[in-house]
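For reference, my_file.tsv is printed below; it contains TSV, C-alpha atoms.
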```
chain	number	residue	atom	x	y	z
J	155	ALA	CA	-65.08	86.74	38.83
J	156	VAL	CA	-68.58	88.12	38.27
J	157	TRP	CA	-67.47	91.59	39.35
J	158	SER	CA	-64.45	91.72	37.03
J	159	SER	CA	-66.44	90.20	34.16
J	160	SER	CA	-69.15	92.77	34.73
J	161	SER	CA	-66.45	95.45	34.41
J	162	ALA	CA	-65.86	94.21	30.87
J	163	MET	CA	-69.61	94.33	30.25
J	164	ALA	CA	-69.68	97.88	31.66
J	165	ALA	CA	-67.05	98.82	29.08
J	166	ILE	CA	-69.21	97.25	26.37
J	167	ILE	CA	-72.18	99.30	27.65
J	168	GLY	CA	-70.12	102.47	27.25
J	169	ALA	CA	-68.97	101.45	23.78
J	170	LEU	CA	-72.53	100.63	22.70
J	171	ASN	CA	-73.69	104.04	23.95
J	172	ARG	CA	-71.12	105.57	21.61
J	173	ALA	CA	-72.13	103.27	18.76
J	174	TYR	CA	-75.79	104.27	19.13
J	175	ASP	CA	-74.87	107.96	19.73
J	176	VAL	CA	-76.72	108.17	23.03
J	177	ARG	CA	-75.79	109.78	26.32
J	178	GLU	CA	-75.75	107.69	29.47
J	179	TRP	CA	-78.61	108.75	31.75
J	180	ARG	CA	-78.64	105.82	34.19
J	181	PRO	CA	-76.85	106.13	37.54
J	182	TRP	CA	-73.63	104.13	37.98
J	183	TRP	CA	-75.23	101.53	40.25
J	184	LYS	CA	-77.94	100.74	37.67
J	185	ARG	CA	-75.26	100.36	34.99
J	186	ARG	CA	-73.31	98.01	37.27
J	187	LEU	CA	-76.40	95.93	38.11
J	188	LEU	CA	-77.23	95.75	34.40
J	189	ALA	CA	-73.64	94.72	33.62
J	190	ILE	CA	-73.82	91.99	36.27
J	191	ALA	CA	-77.20	90.76	34.96
J	192	LEU	CA	-75.96	90.69	31.35
J	193	THR	CA	-72.76	88.93	32.43
J	194	VAL	CA	-74.72	86.23	34.27
J	195	ALA	CA	-77.15	85.85	31.34
J	196	LEU	CA	-74.28	85.45	28.87
J	197	ALA	CA	-72.57	82.97	31.17
J	198	LEU	CA	-75.77	80.92	31.17
J	199	PHE	CA	-75.95	81.07	27.38
J	200	ILE	CA	-72.33	79.90	27.17
J	201	LEU	CA	-73.01	77.08	29.64
J	202	ILE	CA	-76.05	75.94	27.68
J	203	SER	CA	-74.11	76.11	24.40
J	204	LEU	CA	-71.23	74.09	25.83
J	205	THR	CA	-73.69	71.57	27.21
J	206	LEU	CA	-75.28	71.23	23.78
J	207	VAL	CA	-71.90	70.59	22.20
J	208	LEU	CA	-70.34	68.34	24.85
J	209	VAL	CA	-73.24	66.44	26.42
J	210	GLY	CA	-75.81	66.89	23.67
J	211	PRO	CA	-75.00	63.77	21.59
J	212	ASP	CA	-75.10	61.43	24.60
J	213	ALA	CA	-78.27	63.04	25.93
J	214	ALA	CA	-79.88	62.79	22.48
J	215	ALA	CA	-78.98	59.09	22.27
J	216	HIS	CA	-80.46	58.49	25.72
J	217	VAL	CA	-83.70	60.34	24.91
J	218	ALA	CA	-83.91	58.62	21.51
J	219	SER	CA	-83.59	55.16	23.04
J	220	TRP	CA	-86.20	56.06	25.66
J	221	LEU	CA	-88.62	57.17	22.91
J	222	HIS	CA	-87.62	54.28	20.63
J	223	LEU	CA	-86.57	56.72	17.90
J	224	ARG	CA	-82.83	56.22	18.17
J	225	PRO	CA	-81.62	56.36	14.54
J	226	VAL	CA	-83.84	59.23	13.46
J	227	PHE	CA	-83.48	61.35	16.59
J	228	VAL	CA	-79.69	60.98	16.83
J	229	LYS	CA	-79.21	62.07	13.19
J	230	LEU	CA	-81.68	64.92	13.63
J	231	TRP	CA	-79.94	66.09	16.80
J	232	ALA	CA	-76.52	65.95	15.14
J	233	ILE	CA	-77.81	68.43	12.58
J	234	ALA	CA	-80.05	70.56	14.83
J	235	ARG	CA	-77.71	71.21	17.74
J	236	TRP	CA	-75.50	73.63	15.79
J	237	PRO	CA	-78.35	75.92	14.62
J	238	VAL	CA	-79.77	75.82	18.15
J	239	MET	CA	-76.40	76.88	19.52
J	240	VAL	CA	-76.04	79.68	16.95
J	241	ALA	CA	-79.59	80.85	17.75
J	242	GLY	CA	-78.59	81.04	21.40
J	243	VAL	CA	-75.59	83.20	20.53
J	244	VAL	CA	-77.76	85.48	18.36
J	245	LEU	CA	-80.24	85.82	21.23
J	246	GLY	CA	-77.43	86.60	23.69
J	247	VAL	CA	-76.02	89.29	21.40
J	248	GLU	CA	-79.52	90.67	20.87
J	249	LEU	CA	-79.98	90.92	24.65
J	250	ILE	CA	-76.81	93.00	24.83
J	251	PHE	CA	-77.91	95.23	21.94
J	252	HIS	CA	-81.32	95.78	23.50
J	253	PHE	CA	-80.49	96.31	27.18
J	254	ALA	CA	-76.94	97.67	27.25
J	255	PRO	CA	-77.27	101.01	25.44
J	256	SER	CA	-78.87	103.84	27.37
J	257	ARG	CA	-81.90	104.11	25.12
J	258	ARG	CA	-85.46	102.94	24.97
J	259	ALA	CA	-86.17	100.71	22.00
J	260	ARG	CA	-88.81	98.17	21.16
J	261	TRP	CA	-87.78	94.53	21.41
J	262	VAL	CA	-86.80	92.87	18.16
J	263	TRP	CA	-85.94	89.18	18.29
J	264	VAL	CA	-83.31	89.28	15.58
J	265	THR	CA	-81.64	92.33	14.10
J	266	PRO	CA	-79.19	92.50	11.19
J	267	GLY	CA	-76.53	93.66	13.66
J	268	SER	CA	-76.93	90.61	15.90
J	269	LEU	CA	-76.74	88.30	12.87
J	270	LEU	CA	-73.65	90.11	11.59
J	271	ALA	CA	-72.02	90.14	15.03
J	272	THR	CA	-72.66	86.41	15.49
J	273	THR	CA	-71.34	85.59	12.02
J	274	LEU	CA	-68.26	87.74	12.55
J	275	TRP	CA	-67.71	86.24	15.99
J	276	ILE	CA	-67.81	82.69	14.60
J	277	VAL	CA	-65.49	83.56	11.69
J	278	VAL	CA	-63.10	85.51	13.93
J	279	SER	CA	-63.07	82.72	16.53
J	280	PHE	CA	-62.19	80.08	13.94
J	281	GLY	CA	-59.60	82.37	12.36
J	282	PHE	CA	-58.11	83.14	15.77
J	283	LYS	CA	-58.01	79.43	16.56
J	284	LEU	CA	-56.06	78.79	13.35
J	285	TYR	CA	-53.72	81.68	14.11
J	286	VAL	CA	-52.98	80.48	17.63
J	287	ARG	CA	-52.57	76.87	16.56
J	288	HIS	CA	-50.31	77.44	13.55
J	289	PHE	CA	-48.56	80.80	13.86
J	290	ALA	CA	-48.45	82.01	17.46
J	291	ASP	CA	-46.86	80.29	20.42
J	292	TYR	CA	-47.79	82.50	23.33
J	293	THR	CA	-46.71	79.91	25.89
J	294	ALA	CA	-43.16	79.86	24.52
J	295	THR	CA	-43.02	83.65	24.45
J	296	TYR	CA	-44.83	84.53	27.67
J	297	GLY	CA	-44.67	81.33	29.70
J	298	ALA	CA	-47.55	80.42	31.97
J	299	ILE	CA	-49.35	83.71	31.37
J	300	GLY	CA	-49.57	82.95	27.62
J	301	GLY	CA	-52.98	81.33	28.02
J	302	ALA	CA	-54.36	84.42	29.74
J	303	ILE	CA	-52.93	86.67	27.03
J	304	THR	CA	-54.48	84.47	24.34
J	305	THR	CA	-57.86	84.58	26.09
J	306	MET	CA	-57.75	88.37	26.49
J	307	LEU	CA	-56.85	88.79	22.82
J	308	TRP	CA	-59.79	86.57	21.86
J	309	PHE	CA	-62.09	88.68	24.07
J	310	TYR	CA	-60.79	91.77	22.28
J	311	VAL	CA	-61.50	90.49	18.77
J	312	SER	CA	-64.88	89.16	19.95
J	313	SER	CA	-65.82	92.60	21.28
J	314	ILE	CA	-64.89	94.14	17.93
J	315	ALA	CA	-67.38	91.78	16.25
J	316	ILE	CA	-70.07	92.88	18.70
J	317	LEU	CA	-69.31	96.57	18.12
J	318	ILE	CA	-69.47	96.16	14.33
J	319	GLY	CA	-72.91	94.58	14.69
J	320	ALA	CA	-74.03	97.45	16.94
J	321	GLU	CA	-72.79	100.00	14.41
J	322	LEU	CA	-74.81	98.25	11.70
J	323	ASN	CA	-77.94	98.41	13.87
J	324	SER	CA	-77.27	102.07	14.64
J	325	VAL	CA	-76.88	102.99	10.97
J	326	ILE	CA	-80.06	101.10	10.07
J	327	GLU	CA	-82.01	102.80	12.89
J	328	ASP	CA	-80.73	106.24	11.82
J	329	ALA	CA	-81.70	105.59	8.20
J	330	TRP	CA	-85.12	104.30	9.29
J	331	ARG	CA	-85.72	107.41	11.41
J	332	ALA	CA	-84.59	109.69	8.56
J	333	THR	CA	-87.06	108.14	6.10
J	334	ASP	CA	-89.84	107.98	8.69
J	335	GLY	CA	-89.73	111.41	9.97
```
structure tokens encoding of this file:
Amino acid sequence: AVWSSSSAMAAIIGALNRAYDVREWRPWWKRRLLAIALTVALALFILISLTLVLVGPDAAAHVASWLHLRPVFVKLWAIARWPVMVAGVVLGVELIFHFAPSRRARWVWVTPGSLLATTLWIVVSFGFKLYVRHFADYTATYGAIGGAITTMLWFYVSSIAILIGAELNSVIEDAWRATDG
């Protein structure tokens, strides 16, 4: 699973190289190790995000009762868990934008491209959810493989959101270099 998922990340690395207009200079084994590392890092971000959504309210209630702050902490956590989750997604996208392309760049915590990619990803995911729920019935059309087709289509539209964010970063970097130098 990690190997095949890292193949998708390797494809994203190639696409980001094109988005940033850079040539690949790393050997194939370094690209593959980077793809595996980014895949594992993103899997951890997804696991943490899912934990925040699924287990977060119960964990917050337990911690709040332990600290004797139950009403305040539970309400605060209900509000704070979503921005924390979105910040994790932005950080994950930023990791991809920083490490995946074959270029040397200084670390920036948040770029306009990562914010745009995250926003587009959230909007596209909700839109795709509505589409699948109300208009498409992949299970009726494709049978048992319908779920896999739906997941692959969601990966595709998610990767488009990431590439649009990378293009924004690339355009901003090119404009910055043109005015600087």
Can you measure CA of Leu208 (chain J) to CA of Leu249 (chain J) for me? One decimal in Å is fine.
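That distance, rounded to one decimal, is 24.6 Å.
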Counting only C-alpha atoms, what is within 12 Å of Ala290 (chain J), bar same-chain residues fewer than 5 positions away, as a list in words?
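Neighbouring residues, sequence-local ones excluded: Phe282, Lys283, Leu284, Tyr285, Thr295, Tyr296, Gly300, Gly301, Ile303 and Thr304 of chain J.
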Cut-off 12 Å: closest region 233-333 of chain J/region 209-224 of chain J atom pairs per residue, using all atoms listed in the file, as JSON lines:
```
{"residue": "J:Ile233", "atom": "CA", "partner": "J:Pro211", "partner_atom": "CA", "distance": 10.5}
{"residue": "J:Ala234", "atom": "CA", "partner": "J:Gly210", "partner_atom": "CA", "distance": 10.5}
{"residue": "J:Arg235", "atom": "CA", "partner": "J:Gly210", "partner_atom": "CA", "distance": 7.6}
{"residue": "J:Trp236", "atom": "CA", "partner": "J:Gly210", "partner_atom": "CA", "distance": 10.4}
{"residue": "J:Val238", "atom": "CA", "partner": "J:Gly210", "partner_atom": "CA", "distance": 11.2}
{"residue": "J:Met239", "atom": "CA", "partner": "J:Gly210", "partner_atom": "CA", "distance": 10.8}
```
Extract, using only C-alpha atoms, all DNA, RNA and protein residues at most 6 Å from Gly267 (chain J), discarding same-chain residues fewer than 5 positions from it, and format them as a list in words.
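Close residues of Gly267 (chain J): Gly319, Ala320, Leu322 and Asn323 of chain J.
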Could you tell me how far CA of Ile166 (chain J) lies from CA of Val311 (chain J), in Å and to one decimal?
12.8 Å
